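**Q** This one is final30.cif, mmCIF, C-alpha atoms.
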```
data_target
#
loop_
_atom_site.label_atom_id
_atom_site.label_comp_id
_atom_site.auth_asym_id
_atom_site.auth_seq_id
_atom_site.Cartn_x
_atom_site.Cartn_y
_atom_site.Cartn_z
CA MET A 1 -8.27 3.49 59.37
CA LYS A 2 -9.01 0.21 61.12
CA ASN A 3 -11.38 0.22 64.07
CA TYR A 4 -10.83 -2.05 67.06
CA ASN A 5 -12.80 -3.11 70.09
CA PHE A 6 -9.84 -2.39 72.36
CA SER A 7 -6.75 -0.18 72.39
CA ILE A 8 -4.06 -1.00 74.96
CA ILE A 9 -1.65 1.88 75.57
CA ILE A 10 1.80 1.16 77.05
CA PRO A 11 4.33 3.91 77.86
CA HIS A 12 7.91 2.62 77.88
CA LYS A 13 11.38 3.74 78.93
CA ASN A 14 14.49 1.57 79.10
CA THR A 15 12.88 -1.77 80.07
CA PRO A 16 12.70 -3.73 76.78
CA LYS A 17 12.65 -7.21 78.36
CA LEU A 18 9.83 -6.28 80.70
CA LEU A 19 7.98 -4.57 77.86
CA GLN A 20 8.19 -7.79 75.87
CA ARG A 21 6.73 -9.69 78.83
CA CYS A 22 3.86 -7.21 78.98
CA ILE A 23 3.18 -7.53 75.24
CA ASP A 24 3.26 -11.33 75.47
CA SER A 25 0.51 -11.22 78.11
CA ILE A 26 -1.88 -9.51 75.67
CA PRO A 27 -4.04 -11.86 73.56
CA ASP A 28 -3.01 -11.78 69.90
CA ARG A 29 -6.33 -11.06 68.21
CA ASP A 30 -7.65 -8.82 65.46
CA ASP A 31 -9.84 -6.62 67.67
CA ILE A 32 -6.98 -5.44 69.92
CA GLN A 33 -4.77 -2.51 68.99
CA VAL A 34 -1.52 -2.33 70.98
CA ILE A 35 0.07 1.13 71.16
CA ILE A 36 3.60 1.44 72.57
CA VAL A 37 4.95 4.93 73.17
CA ASP A 38 8.66 5.04 73.92
CA ASP A 39 9.71 7.96 76.12
CA ASP A 40 13.19 8.69 74.76
CA SER A 41 14.84 5.43 75.77
CA ASP A 42 18.62 5.08 75.77
CA SER A 43 19.92 3.38 72.60
CA ARG A 44 22.59 1.70 74.73
CA ILE A 45 19.79 -0.13 76.57
CA VAL A 46 17.18 -0.56 73.85
CA ASP A 47 17.81 -2.13 70.45
CA PHE A 48 15.53 0.01 68.31
CA ASN A 49 16.10 -2.22 65.29
CA ASN A 50 14.49 -5.05 67.22
CA PHE A 51 12.10 -3.07 69.38
CA PRO A 52 9.57 -5.21 71.31
CA GLY A 53 6.32 -5.55 69.37
CA LYS A 54 7.89 -4.49 66.08
CA ASP A 55 6.76 -7.65 64.26
CA ARG A 56 3.46 -8.09 66.08
CA VAL A 57 0.23 -7.61 64.11
CA ASN A 58 -1.98 -4.63 65.07
CA THR A 59 0.84 -3.10 67.09
CA GLU A 60 1.96 0.51 66.66
CA ILE A 61 5.19 1.95 68.05
CA TYR A 62 5.77 5.67 68.53
CA LEU A 63 9.24 6.89 69.43
CA THR A 64 9.20 10.24 71.23
CA LYS A 65 12.29 12.30 72.02
CA GLU A 66 10.75 14.86 74.36
CA GLY A 67 11.31 12.80 77.53
CA LYS A 68 8.17 14.18 79.16
CA GLY A 69 7.22 11.04 81.09
CA ALA A 70 4.41 8.50 81.19
CA GLY A 71 1.58 11.06 81.17
CA TYR A 72 2.81 12.54 77.91
CA ALA A 73 3.31 9.07 76.43
CA ARG A 74 -0.22 8.02 77.42
CA ASN A 75 -1.65 11.15 75.79
CA ILE A 76 0.23 10.35 72.58
CA GLY A 77 -1.28 6.87 72.75
CA LEU A 78 -4.78 8.30 73.12
CA GLN A 79 -4.23 10.42 70.01
CA HIS A 80 -3.64 7.24 68.00
CA ALA A 81 -6.23 4.98 69.66
CA ASN A 82 -8.94 3.53 67.43
CA GLY A 83 -10.57 1.21 69.95
CA LYS A 84 -14.02 1.55 71.49
CA TRP A 85 -12.47 0.68 74.84
CA ILE A 86 -9.15 1.89 76.27
CA LEU A 87 -6.79 0.04 78.62
CA PHE A 88 -3.53 1.33 80.08
CA ALA A 89 -0.57 -0.82 81.09
CA ASP A 90 2.85 -0.05 82.50
CA ALA A 91 5.73 -1.67 80.64
CA ASP A 92 7.05 -3.43 83.76
CA ASP A 93 3.67 -5.03 84.61
CA PHE A 94 1.60 -7.58 82.70
CA TYR A 95 -1.97 -8.79 82.22
CA SER A 96 -3.49 -11.77 83.97
CA GLU A 97 -4.64 -14.96 82.29
CA HIS A 98 -8.22 -13.72 82.76
CA LEU A 99 -7.85 -10.81 80.32
CA ARG A 100 -9.20 -12.76 77.33
CA LYS A 101 -12.39 -13.70 79.20
CA ILE A 102 -12.86 -10.15 80.47
CA LEU A 103 -12.55 -8.68 76.98
CA ASN A 104 -14.88 -11.31 75.54
CA ASP A 105 -17.51 -10.44 78.15
CA ILE A 106 -17.34 -6.73 77.30
CA VAL A 107 -17.82 -7.44 73.59
CA SER A 108 -20.43 -10.21 73.82
CA LYS A 109 -22.64 -8.42 76.35
CA GLN A 110 -22.40 -5.11 74.47
CA TYR A 111 -21.80 -3.12 77.62
CA ASP A 112 -22.13 0.64 77.45
CA TYR A 113 -20.52 1.59 80.75
CA ASP A 114 -18.11 4.52 80.97
CA ILE A 115 -15.65 2.72 83.26
CA PHE A 116 -15.05 -0.87 84.35
CA TYR A 117 -13.12 -1.48 87.58
CA TYR A 118 -11.32 -4.78 88.16
CA MET A 119 -9.23 -6.47 90.81
CA VAL A 120 -5.47 -6.90 90.36
CA ASP A 121 -2.73 -9.26 91.47
CA SER A 122 0.81 -8.32 92.54
CA CYS A 123 4.23 -9.94 92.46
CA ASP A 124 7.96 -9.30 92.51
CA SER A 125 9.07 -8.40 89.00
CA LYS A 126 12.08 -10.73 89.02
CA THR A 127 11.03 -13.70 91.16
CA LEU A 128 7.25 -13.49 90.55
CA GLU A 129 6.79 -14.16 94.25
CA PRO A 130 3.49 -12.75 95.61
CA ALA A 131 3.55 -9.13 96.77
CA ASN A 132 1.03 -6.85 98.43
CA ARG A 133 0.86 -3.82 96.18
CA ASN A 134 -2.68 -4.83 95.19
CA THR A 135 -4.12 -4.84 98.72
CA LEU A 136 -5.75 -1.41 98.79
CA ILE A 137 -7.22 -1.62 95.29
CA ASN A 138 -8.78 -5.02 95.95
CA ARG A 139 -10.12 -3.86 99.31
CA HIS A 140 -11.99 -1.02 97.60
CA ILE A 141 -13.35 -3.44 94.99
CA SER A 142 -14.47 -5.93 97.67
CA ASN A 143 -16.11 -3.20 99.76
CA TYR A 144 -18.13 -2.14 96.75
CA LEU A 145 -19.17 -5.66 95.78
CA MET A 146 -19.93 -6.91 99.29
CA LYS A 147 -21.01 -3.76 101.15
CA SER A 148 -22.00 -1.36 98.36
CA VAL A 149 -19.39 1.15 99.55
CA ASP A 150 -18.90 3.80 96.85
CA ILE A 151 -15.70 3.17 94.89
CA ARG A 152 -15.41 6.49 93.12
CA PHE A 153 -12.54 8.84 93.99
CA LYS A 154 -10.65 6.10 95.83
CA ILE A 155 -8.39 4.53 93.18
CA PHE A 156 -5.98 6.79 91.30
CA ASP A 157 -4.42 4.03 89.19
CA VAL A 158 -5.69 3.40 85.66
CA TRP A 159 -4.37 -0.07 84.86
CA ASN A 160 -7.18 -1.84 86.77
CA LYS A 161 -9.81 -0.07 84.65
CA VAL A 162 -11.27 -0.17 81.16
CA PHE A 163 -12.51 3.18 79.82
CA ARG A 164 -14.96 3.92 77.02
CA TYR A 165 -12.98 5.94 74.50
CA ASP A 166 -15.80 8.33 73.57
CA PHE A 167 -16.40 9.05 77.26
CA LEU A 168 -12.80 10.21 77.71
CA ILE A 169 -12.82 12.38 74.60
CA GLU A 170 -16.26 13.92 75.25
CA ASN A 171 -15.16 15.01 78.72
CA ASN A 172 -11.66 16.10 77.67
CA ILE A 173 -9.99 13.69 80.09
CA PHE A 174 -6.25 13.44 79.48
CA PHE A 175 -3.17 12.83 81.61
CA GLU A 176 -1.09 15.44 83.37
CA GLU A 177 2.39 15.59 81.83
CA VAL A 178 4.34 15.55 85.08
CA VAL A 179 7.17 13.62 86.75
CA SER A 180 4.87 11.52 88.93
CA GLY A 181 1.15 11.22 89.66
CA ASN A 182 0.00 11.79 86.09
CA ASP A 183 -3.08 9.63 86.65
CA ILE A 184 -4.37 11.31 89.84
CA LEU A 185 -6.40 14.08 88.19
CA PHE A 186 -7.23 11.82 85.22
CA SER A 187 -8.91 9.26 87.50
CA THR A 188 -10.61 11.96 89.56
CA LYS A 189 -12.17 13.56 86.48
CA ALA A 190 -13.19 10.15 85.13
CA ASP A 191 -14.89 9.24 88.41
CA PHE A 192 -16.66 12.60 88.48
CA TYR A 193 -17.99 12.56 84.91
CA ALA A 194 -18.83 8.85 84.62
CA LYS A 195 -22.58 8.23 84.51
CA ASN A 196 -22.44 4.45 84.41
CA ILE A 197 -19.79 2.22 85.98
CA LYS A 198 -19.38 -1.50 86.51
CA VAL A 199 -17.25 -3.09 89.22
CA CYS A 200 -16.05 -6.67 88.73
CA GLY A 201 -14.29 -9.20 90.93
CA ASP A 202 -12.16 -10.63 88.11
CA ILE A 203 -8.38 -10.09 88.19
CA ILE A 204 -7.36 -8.24 85.04
CA TYR A 205 -3.77 -7.19 85.74
CA VAL A 206 -0.59 -7.96 87.67
CA ILE A 207 1.28 -5.09 89.33
CA THR A 208 4.94 -5.79 89.86
CA ILE A 209 7.31 -4.53 92.52
CA SER A 210 10.80 -3.44 91.56
CA SER A 211 13.41 -1.38 93.36
CA ASN A 212 13.70 0.78 90.23
CA SER A 213 9.99 1.52 89.98
CA LEU A 214 8.93 5.17 90.20
CA SER A 215 6.34 4.12 92.77
CA TYR A 216 9.14 3.08 95.10
CA THR A 217 11.62 5.84 94.33
CA LEU A 218 11.63 8.66 96.85
CA SER A 219 13.15 11.82 95.46
CA LYS A 220 12.50 15.53 95.69
CA GLU A 221 11.03 15.62 92.20
CA VAL A 222 8.73 12.62 92.71
CA ILE A 223 7.30 13.70 96.07
CA HIS A 224 7.01 17.31 94.88
CA SER A 225 5.06 16.22 91.82
CA ARG A 226 2.70 13.97 93.77
CA ILE A 227 1.88 16.66 96.30
CA LYS A 228 1.10 19.12 93.50
CA GLU A 229 -1.07 16.57 91.68
CA ARG A 230 -3.02 15.81 94.85
CA ALA A 231 -3.46 19.54 95.34
CA LYS A 232 -4.85 19.82 91.79
CA ARG A 233 -7.22 16.96 92.55
CA ASN A 234 -8.47 18.63 95.72
CA MET A 235 -8.94 21.96 93.96
CA PHE A 236 -10.97 20.23 91.21
CA LEU A 237 -13.22 18.56 93.78
CA HIS A 238 -13.52 21.80 95.76
CA LYS A 239 -14.76 23.63 92.66
CA LYS A 240 -17.26 20.83 92.04
CA GLY A 241 -18.61 21.08 95.59
CA MET A 242 -17.22 17.72 96.62
CA ASP A 243 -14.94 18.58 99.51
CA ASP A 244 -15.94 15.33 101.25
CA LYS A 245 -14.07 13.40 98.53
CA LYS A 246 -10.79 15.26 98.95
CA ASN A 247 -7.71 13.57 100.38
CA ASP A 248 -4.89 15.03 102.44
CA CYS A 249 -1.18 15.23 101.56
CA PHE A 250 0.18 14.40 104.99
CA GLY A 251 1.30 10.89 104.10
CA LEU A 252 3.53 12.36 101.41
CA LEU A 253 4.63 15.13 103.73
CA LYS A 254 5.81 12.49 106.21
CA LYS A 255 7.99 11.02 103.44
CA ALA A 256 9.25 14.51 102.61
CA TYR A 257 10.14 15.07 106.27
CA ASP A 258 11.95 11.73 106.42
CA ILE A 259 14.31 12.80 103.64
CA ASN A 260 14.59 16.42 104.76
CA LEU A 261 12.54 18.02 101.99
CA PHE A 262 11.26 20.78 104.23
CA PHE A 263 10.45 23.16 101.37
CA LEU A 264 7.56 20.88 100.41
CA ILE A 265 5.87 21.66 103.71
CA ASN A 266 5.79 25.33 102.74
CA GLU A 267 4.35 24.46 99.34
CA THR A 268 1.58 22.43 100.93
CA LEU A 269 0.80 25.21 103.39
CA TYR A 270 0.55 27.56 100.41
CA TYR A 271 -1.92 25.17 98.77
CA TYR A 272 -4.06 25.03 101.89
CA ASN A 273 -4.03 28.81 102.07
CA LEU A 274 -5.77 28.74 98.69
CA VAL A 275 -8.49 26.58 100.21
CA SER A 276 -8.68 27.39 103.93
CA TYR A 277 -6.71 26.96 107.12
CA LYS A 278 -9.80 25.30 108.58
CA GLN A 279 -9.42 22.53 106.01
CA PHE A 280 -5.71 22.28 106.84
CA ILE A 281 -6.41 21.79 110.57
CA PHE A 282 -9.13 19.23 109.81
CA ASP A 283 -6.86 17.23 107.49
CA LEU A 284 -3.98 17.39 109.96
CA PHE A 285 -6.01 16.04 112.85
CA SER A 286 -7.60 13.38 110.63
CA TYR A 287 -4.15 12.23 109.59
CA LEU A 288 -2.81 12.20 113.15
CA LYS A 289 -5.88 10.32 114.37
CA SER A 290 -5.36 7.64 111.71
CA LYS A 291 -1.83 7.06 113.06
CA VAL A 292 -2.84 6.62 116.70
#
```
Could you show the structure in this file as C-alpha cells?
**A**
Amino acid sequence: MKNYNFSIIIPHKNTPKLLQRCIDSIPDRDDIQVIIVDDDSDSRIVDFNNFPGKDRVNTEIYLTKEGKGAGYARNIGLQHANGKWILFADADDFYSEHLRKILNDIVSKQYDYDIFYYMVDSCDSKTLEPANRNTLINRHISNYLMKSVDIRFKIFDVWNKVFRYDFLIENNIFFEEVVSGNDILFSTKADFYAKNIKVCGDIIYVITISSNSLSYTLSKEVIHSRIKERAKRNMFLHKKGMDDKKNDCFGLLKKAYDINLFFLINETLYYYNLVSYKQFIFDLFSYLKSKV
C-alpha cells in the first residue's frame, strides 16, 4: 500500500465535465492521492468507460450504487485514504493556482496541526465571473488573522480546510449520510477536538455558483435535512457544555415559511423542547434583532 502526503476526496454525481475541471486543477505529483467516489451517476449522462481521472496516475475511482449522497461518498473516500493530510473537494468546484505552494509549505515545514483553515475564491461555474459565495468564510478568516477572533465553530464547510488524517480517525470524525448538511456535525466535532490549528490567508479553493447546486436548491428534503443537522450540532455542543457556540435555525425556518413548509416549524419546536423553551425564546429574539 502506497503512502501519500495528501489524499483529496471528491464525491461526484452526474457532472463529468465539471469533475474533469476539478481534477485538472489538482497538481499531478506522486505525493497526492486523488479519490473519486461516484454516487450512482446516470449512465446516460456519464460515460463510465471514459470516466474522468481514469487514466490519471495515483487516482482511484469508486463506483457506488447506494445513492446515499455526498456524506456517504466522503466516508467511502476516507476508508481508502492513505495520505497524512486530507482535503475535500466538490466535483463542481476547483482548486486555486496557489494549491501547489500551500501543499509544499505543509510538507517542507513539517507541520503537525490538526486542521488548517484557508481563504477561498468564488465564481459562476459557467462564466467564471466573480461571485460572493466566499464572503462569509473569508470574513471569519480575516477576523482571526487581524483581530484574533476565534474561528472555531463558525465555518461548516470542509473544502477550505486541510485535516490531519490521524486526527480524524482518532476522534471518530466522519460525515453524516444525509440529503444535505453532511459536513455540519463533522466540522463541529473537528473544531471541538482539534488541539492545534493554523489559519492562513492564502486562497486554496474556488467555490462555484450554479443554479443546479444543492446549496441553491430549496426543497422540503434539503431544508428538512439542514434543520435536523443543525439540531444535531446544537445537541452535541449542549452536551459538551458549549451552549454559547450553538446557532439557531431561524434562517432556515424563514426559507421553510417562504415555500410553505410549515411542518418544519413543528419539528424545530420539538427540537427546542428537548433543550429548553428558554433557549428557543433567546434564539428567536436574537434572530429578530439581527433583522432589524
**Q** Smallest atom-to-atom distance to Asp191 of chain A: which of A:Phe116, A:Cys123, A:Lys220, A:Tyr165, using all atoms listed in the file?
**A**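 Distance minimum relative to Asp191 of chain A lands on A:Phe116.
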**Q** Kindly provide the residues of segment 144-180 of chain A that approach segment 65-70 of chain A to within 7 Å, each paired with its closest atom pair and their distance in Å to one decimal, based on all atoms listed in the file, listed by chain and increasing number, as a tab-separated table.
**A**
```
residue	atom	partner	partner_atom	distance
A:Glu177	CA	A:Lys68	CA	6.5
A:Val178	CA	A:Gly69	CA	6.7
A:Val179	CA	A:Gly69	CA	6.2
```
**Q** When the PyMOL selection byres ((chain A and resi 38) around 6) is applied to the structure above, which residues does it catch, written out as a short mmCIF file (atom, residue, chain, number, x, y, z; two decimals) with C-alpha atoms, in the coordinates of the input?
**A**
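Saved file part15.cif follows:
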```
data_model
loop_
_atom_site.label_atom_id
_atom_site.label_comp_id
_atom_site.auth_asym_id
_atom_site.auth_seq_id
_atom_site.Cartn_x
_atom_site.Cartn_y
_atom_site.Cartn_z
CA PRO A 11 4.33 3.91 77.86
CA HIS A 12 7.91 2.62 77.88
CA LYS A 13 11.38 3.74 78.93
CA VAL A 37 4.95 4.93 73.17
CA ASP A 39 9.71 7.96 76.12
CA ASP A 40 13.19 8.69 74.76
CA LEU A 63 9.24 6.89 69.43
CA THR A 64 9.20 10.24 71.23
#
```
**Q** Skipping near chain neighbours, those fewer than 6 positions away, what residues fall within 10 Å of segment 128-139 of chain A using all atoms listed in the file, listed as a ChimeraX atom specification?
**A** /A:117-122,145,151,154-157,160,201,203,205-209
**Q** Tell me which protein, DNA and RNA residues are within 8 Å of Trp85 of chain A, counting all atoms listed in the file, leaving out same-chain ones fewer than 4 positions away, and put them as a PyMOL selection string.
**A** chain A and resi 5-7+162-165
**Q** Name the residues that the PyMOL selection byres ((chain A and resi 101-110) around 8) picks from the file above, as a CSV table (one decimal) with C-alpha atoms, in the coordinates of the input, using the file's chain letters and numbers.
**A**
```csv
chain,number,residue,atom,x,y,z
A,5,ASN,CA,-12.8,-3.1,70.1
A,98,HIS,CA,-8.2,-13.7,82.8
A,99,LEU,CA,-7.8,-10.8,80.3
A,100,ARG,CA,-9.2,-12.8,77.3
A,111,TYR,CA,-21.8,-3.1,77.6
A,112,ASP,CA,-22.1,0.6,77.4
A,202,ASP,CA,-12.2,-10.6,88.1
A,204,ILE,CA,-7.4,-8.2,85.0
```
**Q** To one decimal place, how far is atom CA of Ser187 of chain A from atom CA of Val149 of chain A in Å?
**A**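 One can read the atom CA of Ser187 of chain A to atom CA of Val149 of chain A distance as 17.9 Å.
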**Q** Kindly give the distance, in Å, that separates atom CA of Ile23 of chain A and atom CA of Cys200 of chain A, rounded to a single decimal.
**A**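 Spanning atom CA of Ile23 of chain A to atom CA of Cys200 of chain A is a straight-line distance of 23.5 Å.
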**Q** Just give me the gap between atom CA of Lys189 of chain A and atom CA of Ile173 of chain A in Å, one decimal is fine.
**A**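 Taking atom CA of Lys189 of chain A and atom CA of Ile173 of chain A, their separation equals 6.8 Å.
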**Q** Might you spell out which residues the PyMOL selection byres ((chain A and resi 89) around 7) would select in the displayed file, as a VMD selection string?
**A** chain A and resid 9 to 10 87 to 88 90 to 91 93 159
**Q** Contacts of segment 53-57 of chain A at 12 Å or less, counting only C-alpha atoms, minus same-chain residues fewer than 5 places along, as a ChimeraX atom specification?
**A** /A:10,12,16-38,47-48,62-63,91
